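**Student:** Below is the file my_file.txt, which contains compact mmCIF, C-alpha atoms and all ligand atoms.
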# COMPACT_ATOMS: atom_id res chain seq x y z
CA MET A 300 0.00 0.00 0.00
CA ASP A 301 1.06 3.58 -0.70
CA MET A 302 2.09 4.91 2.70
CA VAL A 303 1.96 8.53 1.49
CA ALA A 304 -1.75 8.04 0.78
CA LEU A 305 -2.29 6.13 4.04
CA ALA A 306 -0.60 8.94 5.98
CA ARG A 307 -3.24 11.32 4.61
CA ASN A 308 -5.91 9.29 6.38
CA TYR A 309 -4.07 8.55 9.61
CA PRO A 310 -1.99 11.13 11.45
CA THR A 311 1.66 10.12 11.73
CA PRO A 312 3.37 8.47 13.40
CA PHE A 313 1.47 5.17 13.38
CA TYR A 314 2.11 1.46 12.97
CA ALA A 315 0.82 -0.24 9.81
CA TYR A 316 0.63 -4.03 9.55
CA ASP A 317 0.27 -5.95 6.31
CA ALA A 318 -2.27 -8.76 6.76
CA GLU A 319 -0.96 -10.66 3.74
CA VAL A 320 2.52 -10.83 5.23
CA LEU A 321 1.12 -11.92 8.59
CA ARG A 322 -0.90 -14.67 6.93
CA ALA A 323 2.11 -15.77 4.89
CA ARG A 324 4.40 -16.07 7.93
CA ILE A 325 1.69 -17.90 9.89
CA ALA A 326 1.12 -20.30 6.98
CA GLU A 327 4.84 -20.88 6.63
CA LEU A 328 5.08 -21.92 10.28
CA THR A 329 2.01 -24.16 10.31
CA GLU A 330 3.11 -25.76 7.05
CA ALA A 331 6.66 -26.42 8.28
CA PHE A 332 5.50 -28.29 11.37
CA LYS A 333 2.25 -29.86 10.19
CA ALA A 334 3.69 -33.36 9.79
CA GLN A 335 4.98 -33.35 13.37
CA ASN A 336 3.35 -33.61 16.77
CA VAL A 337 4.05 -29.92 17.33
CA SER A 338 1.75 -27.22 18.65
CA LEU A 339 2.59 -23.60 17.96
CA HIS A 340 1.94 -20.91 20.57
CA TYR A 341 2.32 -17.32 19.37
CA ALA A 342 4.40 -15.29 21.86
CA VAL A 343 1.99 -12.40 22.16
CA LYS A 344 4.64 -10.20 23.79
CA ALA A 345 5.94 -9.59 20.28
CA ASN A 346 2.72 -7.87 19.27
CA ASP A 347 -0.28 -8.13 21.53
CA ASN A 348 -2.88 -6.51 19.32
CA PRO A 349 -5.91 -8.85 19.49
CA ALA A 350 -6.54 -8.40 15.74
CA ILE A 351 -3.11 -9.88 15.06
CA ILE A 352 -3.49 -12.57 17.70
CA ALA A 353 -6.80 -13.47 16.01
CA MET A 354 -5.01 -14.15 12.73
CA ALA A 355 -2.78 -16.68 14.49
CA ALA A 356 -5.75 -18.15 16.35
CA LYS A 357 -7.62 -18.68 13.08
CA ALA A 358 -4.73 -20.81 11.87
CA GLY A 359 -5.00 -23.00 14.97
CA ILE A 360 -2.06 -21.39 16.77
CA GLY A 361 -2.20 -21.06 20.55
CA GLY A 362 -0.76 -18.34 22.77
CA CYS A 363 2.40 -17.92 24.85
CA THR A 364 1.97 -15.27 27.52
CA VAL A 365 3.76 -13.82 30.55
CA THR A 366 1.14 -11.80 32.45
CA ALA A 367 -2.58 -11.75 33.21
CA GLY A 368 -2.80 -8.83 30.76
CA GLU A 369 -1.34 -10.91 27.95
CA ILE A 370 -3.67 -13.81 28.77
CA LYS A 371 -6.60 -11.37 28.46
CA ARG A 372 -5.35 -10.24 25.05
CA ALA A 373 -4.83 -13.82 23.90
CA LEU A 374 -8.40 -14.63 24.96
CA ALA A 375 -9.64 -11.45 23.23
CA GLY A 376 -7.92 -12.68 20.08
CA GLY A 377 -9.95 -15.88 20.27
CA ILE A 378 -7.34 -18.36 21.54
CA ALA A 379 -8.92 -21.15 23.60
CA PRO A 380 -7.68 -21.21 27.23
CA ALA A 381 -6.34 -24.75 26.84
CA MET A 382 -4.03 -23.51 24.06
CA ILE A 383 -2.54 -20.74 26.21
CA LEU A 384 0.78 -21.19 28.01
CA MET A 385 2.26 -18.83 30.54
CA ASN A 386 5.94 -18.13 31.21
CA GLY A 387 7.49 -15.44 33.38
CA VAL A 388 10.20 -15.27 35.97
CA GLY A 389 8.23 -12.78 38.08
CA LYS A 390 4.60 -13.86 37.96
CA THR A 391 2.59 -11.90 40.49
CA ASP A 392 -0.11 -13.47 42.64
CA THR A 393 -2.65 -11.64 40.46
CA ASP A 394 -1.12 -13.19 37.32
CA ILE A 395 -1.21 -16.67 38.83
CA ARG A 396 -4.77 -16.32 40.08
CA PHE A 397 -5.94 -15.06 36.71
CA ALA A 398 -4.12 -17.86 34.88
CA LEU A 399 -5.72 -20.51 37.12
CA ALA A 400 -9.18 -18.93 36.95
CA SER A 401 -9.00 -18.77 33.14
CA GLY A 402 -8.11 -22.44 32.94
CA ILE A 403 -5.07 -21.95 30.73
CA GLY A 404 -3.33 -25.11 29.57
CA GLN A 405 0.08 -24.76 31.19
CA ILE A 406 1.99 -22.53 33.57
CA ASN A 407 5.75 -22.80 33.10
CA VAL A 408 7.35 -22.36 36.49
CA GLU A 409 10.72 -20.62 36.62
CA SER A 410 11.91 -21.23 40.19
CA ILE A 411 11.46 -23.45 43.22
CA PRO A 412 9.87 -20.68 45.34
CA GLU A 413 7.33 -20.10 42.56
CA LEU A 414 6.19 -23.75 42.84
CA THR A 415 5.11 -23.16 46.41
CA VAL A 416 3.36 -19.89 45.61
CA ILE A 417 1.38 -21.47 42.75
CA ALA A 418 0.49 -24.49 44.90
CA ASP A 419 -0.74 -22.25 47.73
CA ILE A 420 -2.87 -20.15 45.38
CA ALA A 421 -4.28 -23.27 43.65
CA ARG A 422 -5.16 -24.78 47.03
CA ASP A 423 -6.86 -21.55 48.05
CA MET A 424 -8.88 -21.57 44.81
CA GLY A 425 -9.63 -25.29 44.99
CA VAL A 426 -8.07 -26.02 41.59
CA ILE A 427 -5.21 -28.07 40.23
CA ALA A 428 -2.43 -26.14 38.48
CA PRO A 429 -1.09 -27.72 35.26
CA ILE A 430 2.58 -26.87 35.32
CA GLY A 431 5.66 -27.10 33.20
CA LEU A 432 9.11 -26.67 34.69
CA ARG A 433 11.21 -24.21 32.78
CA ILE A 434 14.78 -25.40 32.58
CA ASN A 435 17.78 -23.25 31.89
CA PRO A 436 19.69 -25.61 29.58
CA GLU A 437 22.86 -23.51 29.84
CA VAL A 438 23.28 -23.24 26.10
CA GLU A 439 24.40 -19.95 24.68
CA ALA A 440 22.64 -18.49 21.66
CA ASP A 441 24.57 -16.11 19.44
CA THR A 442 22.58 -12.94 19.99
CA HIS A 443 22.73 -9.54 21.72
CA SER A 444 23.57 -9.94 25.42
CA HIS A 445 20.22 -8.41 26.44
CA LEU A 446 18.50 -11.09 24.40
CA ALA A 447 20.28 -14.24 25.58
CA THR A 448 18.26 -16.25 28.07
CA GLY A 449 19.85 -19.66 28.46
CA ARG A 450 23.21 -18.97 30.07
CA ARG A 451 23.97 -20.17 33.60
CA THR A 452 24.00 -16.58 34.82
CA ASP A 453 20.63 -15.65 33.27
CA LYS A 454 17.63 -15.18 35.53
CA PHE A 455 15.33 -17.55 33.65
CA GLY A 456 14.29 -21.09 34.57
CA THR A 457 15.79 -23.60 36.96
CA LEU A 458 19.19 -25.15 36.47
CA VAL A 459 19.28 -28.89 35.80
CA GLU A 460 21.11 -29.40 39.09
CA ASP A 461 18.07 -28.00 40.93
CA LEU A 462 15.63 -30.39 39.26
CA PRO A 463 15.67 -32.99 42.11
CA GLU A 464 14.65 -30.36 44.63
CA ALA A 465 11.94 -29.01 42.31
CA LYS A 466 10.58 -32.55 41.84
CA HIS A 467 10.59 -33.04 45.58
CA VAL A 468 8.44 -29.92 46.05
CA ILE A 469 6.09 -30.98 43.23
CA ALA A 470 5.65 -34.45 44.74
CA SER A 471 4.65 -32.90 48.06
CA ARG A 472 1.95 -30.68 46.56
CA PRO A 473 -1.20 -32.38 45.21
CA GLU A 474 -2.36 -29.01 43.80
CA LEU A 475 0.39 -29.22 41.17
CA LYS A 476 0.01 -31.42 38.11
CA TRP A 477 3.39 -31.63 36.44
CA ILE A 478 2.91 -32.10 32.69
CA ALA A 479 5.82 -30.48 30.87
CA LEU A 480 9.43 -29.42 30.69
CA SER A 481 10.08 -26.11 28.97
CA CYS A 482 12.92 -23.87 27.87
CA HIS A 483 13.64 -20.85 25.73
CA ILE A 484 17.15 -20.75 24.36
CA GLY A 485 17.33 -17.32 22.80
CA THR A 486 15.71 -14.96 20.36
CA GLN A 487 16.53 -13.70 16.84
CA VAL A 488 18.36 -16.98 16.11
CA HIS A 489 19.41 -17.00 12.47
CA ASN A 490 20.90 -20.43 12.09
CA ALA A 491 18.89 -23.57 12.86
CA SER A 492 21.92 -25.43 14.14
CA GLU A 493 22.27 -22.91 17.00
CA LEU A 494 19.12 -24.30 18.55
CA ARG A 495 20.06 -27.95 18.00
CA ARG A 496 22.22 -28.27 21.11
CA GLY A 497 19.55 -26.83 23.40
CA TYR A 498 16.86 -29.03 21.84
CA GLU A 499 19.04 -32.11 22.33
CA VAL A 500 19.82 -31.26 25.95
CA MET A 501 16.11 -30.79 26.65
CA SER A 502 15.12 -33.95 24.81
CA ALA A 503 17.60 -36.04 26.78
CA LEU A 504 16.50 -34.50 30.06
CA PHE A 505 12.86 -35.09 29.16
CA SER A 506 13.55 -38.80 28.52
CA GLU A 507 14.79 -39.15 32.09
CA GLN A 508 11.48 -37.93 33.54
CA GLU A 509 8.29 -39.89 34.05
CA GLY A 510 4.68 -38.97 33.42
CA LEU A 511 5.23 -35.87 31.29
CA ASP A 512 3.64 -35.52 27.88
CA ARG A 513 4.78 -32.10 26.58
CA LEU A 514 8.16 -30.63 25.80
CA ASP A 515 8.13 -26.88 25.24
CA LEU A 516 11.16 -25.71 23.25
CA GLY A 517 10.38 -21.97 23.36
CA GLY A 518 10.64 -19.42 20.56
CA GLY A 519 13.56 -17.72 18.90
CA PHE A 520 13.22 -18.05 15.12
CA GLY A 521 14.93 -14.96 13.73
CA VAL A 522 14.05 -12.67 10.85
CA SER A 523 16.32 -10.99 8.36
CA TYR A 524 16.23 -7.29 9.20
CA LYS A 525 19.04 -6.62 6.72
CA GLY A 526 17.75 -8.87 3.95
CA ASP A 527 20.60 -11.38 4.26
CA SER A 528 20.06 -15.11 4.29
CA TYR A 529 18.29 -16.45 7.35
CA ALA A 530 16.99 -19.83 8.47
CA LYS A 531 13.27 -20.28 7.80
CA PRO A 532 10.74 -22.42 9.66
CA ALA A 533 11.35 -25.09 7.01
CA ASP A 534 15.00 -25.13 8.14
CA PHE A 535 14.15 -25.27 11.84
CA ALA A 536 11.55 -28.03 11.44
CA PRO A 537 14.01 -30.87 10.64
CA VAL A 538 16.18 -29.81 13.60
CA VAL A 539 13.17 -30.03 15.92
CA LEU A 540 12.26 -33.40 14.41
CA GLU A 541 15.75 -34.87 14.73
CA ALA A 542 16.07 -33.82 18.35
CA THR A 543 12.63 -35.06 19.37
CA LYS A 544 11.79 -37.91 16.98
CA GLN A 545 11.71 -40.58 19.67
CA LEU A 546 9.64 -38.46 22.00
CA GLN A 547 7.14 -37.62 19.26
CA ALA A 548 6.92 -41.33 18.37
CA ARG A 549 5.71 -42.07 21.86
CA GLY A 550 3.08 -39.34 21.75
CA VAL A 551 4.92 -36.49 23.44
CA ARG A 552 3.72 -33.15 22.12
CA ILE A 553 6.40 -30.60 21.23
CA GLN A 554 5.47 -26.96 21.81
CA LEU A 555 7.06 -23.96 20.14
CA GLU A 556 6.60 -20.29 21.01
CA PRO A 557 7.43 -18.13 17.96
CA GLY A 558 6.79 -14.41 18.35
CA ARG A 559 9.07 -12.33 16.16
CA TYR A 560 8.76 -14.63 13.15
CA ILE A 561 5.02 -14.04 12.94
CA ALA A 562 4.89 -10.30 13.53
CA ALA A 563 8.18 -8.56 12.66
CA GLU A 564 8.16 -8.34 8.89
CA ALA A 565 4.51 -7.31 8.60
CA GLY A 566 4.91 -4.11 10.61
CA THR A 567 6.00 -0.67 9.44
CA LEU A 568 6.40 2.38 11.61
CA VAL A 569 5.13 5.21 9.41
CA THR A 570 6.65 8.51 10.41
CA LYS A 571 6.94 12.01 8.96
CA VAL A 572 10.06 14.09 8.50
CA LEU A 573 9.88 17.17 10.71
CA TYR A 574 13.25 18.77 10.09
CA VAL A 575 16.27 18.21 7.89
CA LYS A 576 19.12 19.69 9.85
CA LYS A 577 22.71 20.07 8.65
CA SER A 578 25.01 20.13 11.62
CA GLY A 579 28.65 19.28 12.21
CA GLY A 580 29.02 17.92 8.70
CA GLN A 581 26.10 15.55 9.14
CA THR A 582 22.56 15.51 7.80
CA PHE A 583 20.07 14.86 10.57
CA VAL A 584 16.63 13.74 9.48
CA ILE A 585 14.42 14.36 12.49
CA VAL A 586 11.15 12.42 12.34
CA ASP A 587 7.96 12.53 14.39
CA ALA A 588 8.40 9.00 15.81
CA GLY A 589 10.89 8.43 18.60
CA MET A 590 12.54 5.84 20.77
CA ASN A 591 9.38 5.74 22.86
CA ASP A 592 7.59 4.32 19.79
CA LEU A 593 10.32 1.91 18.70
CA ILE A 594 13.05 1.33 21.24
CA ARG A 595 14.92 -1.51 19.52
CA PRO A 596 17.64 0.63 17.83
CA ALA A 597 18.36 2.51 21.09
CA LEU A 598 18.19 -0.54 23.32
CA TYR A 599 19.86 -3.25 21.23
CA ASP A 600 21.55 -1.24 18.51
CA ALA A 601 19.07 -3.04 16.27
CA TYR A 602 18.95 -2.47 12.52
CA HIS A 603 15.64 -1.66 10.81
CA PRO A 604 15.28 -0.97 7.09
CA MET A 605 14.26 2.64 6.41
CA SER A 606 13.18 4.33 3.22
CA LEU A 607 11.19 7.27 1.93
CA ALA A 608 7.65 6.35 0.89
CA ARG A 609 8.01 8.32 -2.37
CA SER A 610 10.42 7.67 -5.16
CA SER A 611 13.24 10.11 -5.84
CA LYS A 612 15.89 10.35 -8.50
CA ALA A 613 18.18 12.41 -6.28
CA ALA A 614 21.54 11.00 -5.25
CA HIS A 615 21.58 9.28 -1.87
CA ILE A 616 23.49 10.78 1.04
CA PRO A 617 24.28 9.38 4.49
CA CYS A 618 21.86 10.62 7.13
CA VAL A 619 21.35 10.33 10.85
CA ILE A 620 17.69 9.43 11.31
CA ALA A 621 16.59 10.51 14.74
CA GLY A 622 13.46 10.99 16.80
CA GLY A 623 12.50 13.99 18.88
CA VAL A 624 12.89 12.47 22.34
CA CYS A 625 15.28 14.37 24.60
CA GLU A 626 18.01 11.72 24.67
CA SER A 627 21.08 11.43 22.43
CA GLY A 628 20.25 7.73 22.22
CA ASP A 629 17.03 8.46 20.34
CA VAL A 630 18.56 7.65 16.98
CA PHE A 631 16.99 5.12 14.61
CA ALA A 632 20.03 4.89 12.32
CA ARG A 633 23.34 6.54 11.52
CA GLY A 634 24.96 6.72 8.11
CA ARG A 635 21.71 5.60 6.47
CA MET A 636 21.41 6.50 2.81
CA LEU A 637 18.41 8.65 1.89
CA PRO A 638 17.74 10.79 -1.20
CA SER A 639 19.40 14.20 -0.84
CA ASP A 640 16.09 15.92 -1.63
CA VAL A 641 14.49 14.63 1.59
CA VAL A 642 12.32 17.43 2.99
CA ARG A 643 10.00 18.27 5.81
CA GLY A 644 6.70 16.45 5.26
CA ASP A 645 8.22 13.38 3.61
CA ILE A 646 6.93 10.04 4.86
CA LEU A 647 9.59 7.62 6.08
CA GLU A 648 8.90 3.91 6.48
CA ILE A 649 10.72 2.02 9.23
CA GLY A 650 10.35 -1.62 8.31
CA PHE A 651 10.31 -4.95 10.18
CA ALA A 652 8.82 -3.12 13.15
CA GLY A 653 5.86 -5.42 13.80
CA ALA A 654 7.50 -7.39 16.62
CA TYR A 655 8.63 -5.72 19.85
CA GLY A 656 7.76 -2.34 18.34
CA HIS A 657 4.42 -1.06 19.55
CA ALA A 658 4.47 -3.65 22.34
CA MET A 659 7.56 -2.01 23.90
CA SER A 660 6.41 1.58 23.38
CA SER A 661 5.86 4.10 26.14
CA PHE A 662 4.52 7.57 27.00
CA TYR A 663 8.05 8.94 27.51
CA ASN A 664 8.23 12.73 27.06
CA ALA A 665 4.41 12.70 27.38
CA ARG A 666 4.18 11.42 23.82
CA PRO A 667 1.20 9.28 22.79
CA ARG A 668 1.19 5.52 22.30
CA LEU A 669 0.59 5.07 18.61
CA ALA A 670 -2.38 3.96 16.58
CA GLU A 671 -2.17 0.64 14.74
CA VAL A 672 -3.63 0.11 11.27
CA LEU A 673 -4.15 -3.25 9.57
CA ILE A 674 -3.84 -3.21 5.79
CA ASP A 675 -5.56 -6.02 3.94
CA GLY A 676 -5.22 -5.69 0.16
CA ASN A 677 -6.65 -2.27 -0.65
CA GLU A 678 -8.42 -1.89 2.66
CA ALA A 679 -6.98 -0.30 5.77
CA ARG A 680 -8.62 -0.44 9.17
CA LEU A 681 -7.74 0.96 12.55
CA ILE A 682 -7.12 -1.92 14.95
CA ARG A 683 -6.08 0.25 17.90
CA ARG A 684 -6.39 4.01 18.16
CA ALA A 685 -3.65 6.17 19.62
CA LEU A 686 -3.66 6.66 23.36
CA THR A 687 -2.79 10.26 24.12
CA ALA A 688 -0.80 11.54 27.05
CA GLU A 689 -3.95 13.46 28.07
CA GLU A 690 -5.80 10.18 28.48
CA PHE A 691 -2.96 8.87 30.58
CA ASP A 692 -3.15 12.08 32.61
CA ALA A 693 -6.70 11.13 33.51
CA ALA A 694 -5.14 8.40 35.66
CA THR A 695 -3.06 10.96 37.58
CA LEU A 696 -4.42 11.81 41.00
CA ALA A 697 -4.53 15.47 42.03
CA ALA A 698 -1.10 16.82 42.96
N1 LIG A 701 9.12 -17.78 24.71
C1 LIG A 701 9.75 -17.16 25.72
C2 LIG A 701 9.83 -17.81 27.02
C3 LIG A 701 10.36 -15.92 25.50
O1 LIG A 701 11.00 -15.32 26.50
C4 LIG A 701 10.28 -15.32 24.22
C5 LIG A 701 10.90 -14.02 23.97
C6 LIG A 701 9.59 -16.00 23.21
C7 LIG A 701 9.03 -17.23 23.48
C8 LIG A 701 9.45 -15.44 21.82
O2 LIG A 701 10.68 -15.35 21.20
P1 LIG A 701 10.80 -14.96 19.65
O3 LIG A 701 10.22 -16.09 18.83
O4 LIG A 701 10.04 -13.71 19.44
O5 LIG A 701 12.25 -14.79 19.46
N2 LIG A 701 12.50 -7.34 22.82
C9 LIG A 701 13.48 -8.15 22.14
C10 LIG A 701 13.10 -9.61 22.14
C11 LIG A 701 12.87 -10.17 23.51
C12 LIG A 701 12.44 -11.61 23.47
C13 LIG A 701 12.04 -12.05 24.80
N3 LIG A 701 11.53 -13.37 24.85
C14 LIG A 701 13.68 -7.60 20.73
O6 LIG A 701 13.08 -6.57 20.41
O7 LIG A 701 14.44 -8.14 19.95
Can the structure in the file be given as structure tokens, please?
Ligand code: LLP

**Tutor:**
Amino acid sequence: MDMVALARNYPTPFYAYDAEVLRARIAELTEAFKAQNVSLHYAVKANDNPAIIAMAAKAGIGGCTVTAGEIKRALAGGIAPAMILMNGVGKTDTDIRFALASGIGQINVESIPELTVIADIARDMGVIAPIGLRINPEVEADTHSHLATGRRTDKFGTLVEDLPEAKHVIASRPELKWIALSCHIGTQVHNASELRRGYEVMSALFSEQEGLDRLDLGGGFGVSYKGDSYAKPADFAPVVLEATKQLQARGVRIQLEPGRYIAAEAGTLVTKVLYVKKSGGQTFVIVDAGMNDLIRPALYDAYHPMSLARSSKAAHIPCVIAGGVCESGDVFARGRMLPSDVVRGDILEIGFAGAYGHAMSSFYNARPRLAEVLIDGNEARLIRRALTAEEFDAATLAA
């Protein structure tokens, strides 16, 4: 769709999602794993808009959540409670109560103290909690240090050496029904073989346990932000199969939690150029979106493709593309080539922003949280309106 035209109908900045791309990525995943005993659970943290969750739900994909709020959004998107999993190293009592009351399929427990808290709450509610034990397999994924989860020093899951104690606690609590082992090795993994080791460790560990029927291998399938060659679900599928063939043959269900793969590529942050500023030998292109709208470049030094929405024959020059937030770190890209005739009012598209974009946005600098628009063919529809700082102010109590 022509973003210049779209930006006439919706005030910038806003997020636009392409339904065809979402459907294609969802189909690619379901197709890759359809011959296996695998259930997919969309990690809604990547993009928790119920309209997007609904597209995954329609394809038979479940949900992977970390809070009561995410469970609510997964339910709003039409995912059946039994298909919803919950992770989280810091589940609050409210989260746990809500998860149990909603009857979600599996709560992955990340520590021994959490086992006791869940058991106490379940006893209080008179229900049985279906739990998975999240293991930290101590396998390093090649990714940004903020994004690695499976090293010994990371906060997630229980170490294998603590498994006997965890099992001891589980055995002493009839309110806990232990059904699964789980893990999450890392995110933005670009080579299928990087996950192999973790899958094998988990598969071997699973074989040593009794009475479990699900092995949750987490998410992590990466996307190619720079357009270079990346593993696809069809490349990950044989690795999952090889590592879990024997388990699948005896009826064990393998669960996967892809987030980024479903949502990243479909999303574009549509922003308008406010000022073109020449300073210190550089060309700064200051846009109306900021790090509060898309924090990935500032937080992880992440690369996103960026281009003007109109064509231009002008020569390209290196630019610093920055937002208006009062922080030097609010820069989307440095040395990025844009046409030299870039002017105030131009529409800039920041691509691959559908995952961990809007979901990680904030009201910083009293800026709004952005509207989200779903484009389907020639149709565009608002799937979440902007939330202004004034509306947030309504929650402020008198000074
Ligand atoms: N399962 C668990 C337990 C997770 O912690 C995550 C992501 C996923 C599944 C989904 O992983 P994915 O398939 O999306 O890689 N904000 C960062 C990414 C943080 C990922 C956190 N956990 C970013 O913008 O790159």

**Student:** May I ask for the distance between atom CA of A:Val624 and atom CA of A:Arg643, given in Å to one decimal place?

**Tutor:**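 Distance reported for this atom pair: 17.8 Å.
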
**Student:** Output as lines of an AutoDock Vina configuration file the centre and edge lengths (Å, one decimal) of the box along x, y and z of the file that holds every listed atom of ligand LIG 701 (chain A) after adding 8 Å on each side.

**Tutor:**
center_x = 11.7
center_y = -12.2
center_z = 22.9
size_x = 21.4
size_y = 27.2
size_z = 24.2

**Student:** Counting all atoms listed in the file, which protein, DNA or RNA residues come within 6 Å of ligand LIG 701 (chain A), given as a list in words?

**Tutor:** Ala342, Ala345, Asn386, Leu446, His483, Thr486, Gln487, Gly517, Gly518, Gly519, Phe520, Glu556, Pro557, Gly558, Arg559, Arg595 and Tyr655 of chain A

**Student:** Rounded to one decimal place, report the atom CA of A:Tyr529-atom CA of A:Glu439 distance in Å.

**Tutor:**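 Atom CA of A:Glu439 lies 18.7 Å from atom CA of A:Tyr529.
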
**Student:** Show which residues sit within 9 Å of stretch 404-406 of chain A, as a list in words. Count all atoms listed in the file, and ignore same-chain residues fewer than 2 positions away.

**Tutor:**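 Here the answer would be Pro380, Ala381, Met382, Ile383, Leu384, Met385, Asn386, Gly387, Ile395, Ala398, Leu399, Gly402, Val408, Ala428, Pro429, Ile430, Gly431, Leu432, Ile478 and Ala479 of chain A.
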
**Student:** Find the spatial neighbours of A:Leu305, counting all atoms listed in the file, within a cut-off of 10 Å - ignore same-chain residues fewer than 6 positions away - and output them as a tab-separated table (two decimals) with C-alpha atoms, in the coordinates of the input.

**Tutor:**
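Here's the written file around14.tsv:
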chain	number	residue	atom	x	y	z
A	311	THR	CA	1.66	10.12	11.73
A	315	ALA	CA	0.82	-0.24	9.81
A	569	VAL	CA	5.13	5.21	9.41
A	672	VAL	CA	-3.63	0.11	11.27
A	674	ILE	CA	-3.84	-3.21	5.79
A	679	ALA	CA	-6.98	-0.30	5.77

**Student:** Identify which of the residues A:Ala304, A:Leu637, A:Val522, A:Ile325 lies closest to A:Ala613, counting all atoms listed in the file when measuring atom-to-atom distances.

**Tutor:** A:Leu637

**Student:** Which value, in Å to one decimal, gives the distance between atom CA of A:Asp453 and atom CA of A:Ile434?

**Tutor:**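 Answer for the atom CA of A:Asp453 to atom CA of A:Ile434 separation: 11.4 Å.
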
**Student:** Show me, as a PyMOL selection string, the residues that have an atom within 12 Å of stretch 550-555 of chain A when counting all atoms listed in the file, minus same-chain residues fewer than 4 positions from it.

**Tutor:** chain A and resi 328-329+332-333+335-342+360-363+382-384+404-405+431+478-484+498+501-502+505-506+509-520+532+535-536+539-540+542-546+560

**Student:** Give me, as an mmCIF file with C-alpha atoms, keeping the file's coordinate frame, all polymer residues having an atom no more than 7 Å from stretch 412-424 of chain A, counting all atoms listed in the file and skipping those fewer than 6 positions away in the same chain.

**Tutor:**
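This is the output file selection.cif:
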data_model
loop_
_atom_site.group_PDB
_atom_site.id
_atom_site.type_symbol
_atom_site.label_atom_id
_atom_site.label_comp_id
_atom_site.auth_asym_id
_atom_site.auth_seq_id
_atom_site.Cartn_x
_atom_site.Cartn_y
_atom_site.Cartn_z
ATOM 1 C CA ILE A 395 -1.210 -16.670 38.830
ATOM 2 C CA ARG A 396 -4.770 -16.320 40.080
ATOM 3 C CA ARG A 472 1.950 -30.680 46.560
ATOM 4 C CA GLU A 474 -2.360 -29.010 43.800
ATOM 5 C CA LEU A 475 0.390 -29.220 41.170
#

**Student:** Using all atoms listed in the file, which of the listed residues (A:Lys525, A:Lys344, A:Arg496, A:Lys531) sits closest to A:Glu327?

**Tutor:**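 For A:Glu327, the nearest of the given residues is A:Lys531.
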
**Student:** Counting only C-alpha atoms, I want the residues whose atoms come within 7 Å of (3.0, -15.2, 11.1) in the file frame, returned as a count of residues only.

**Tutor:** 10
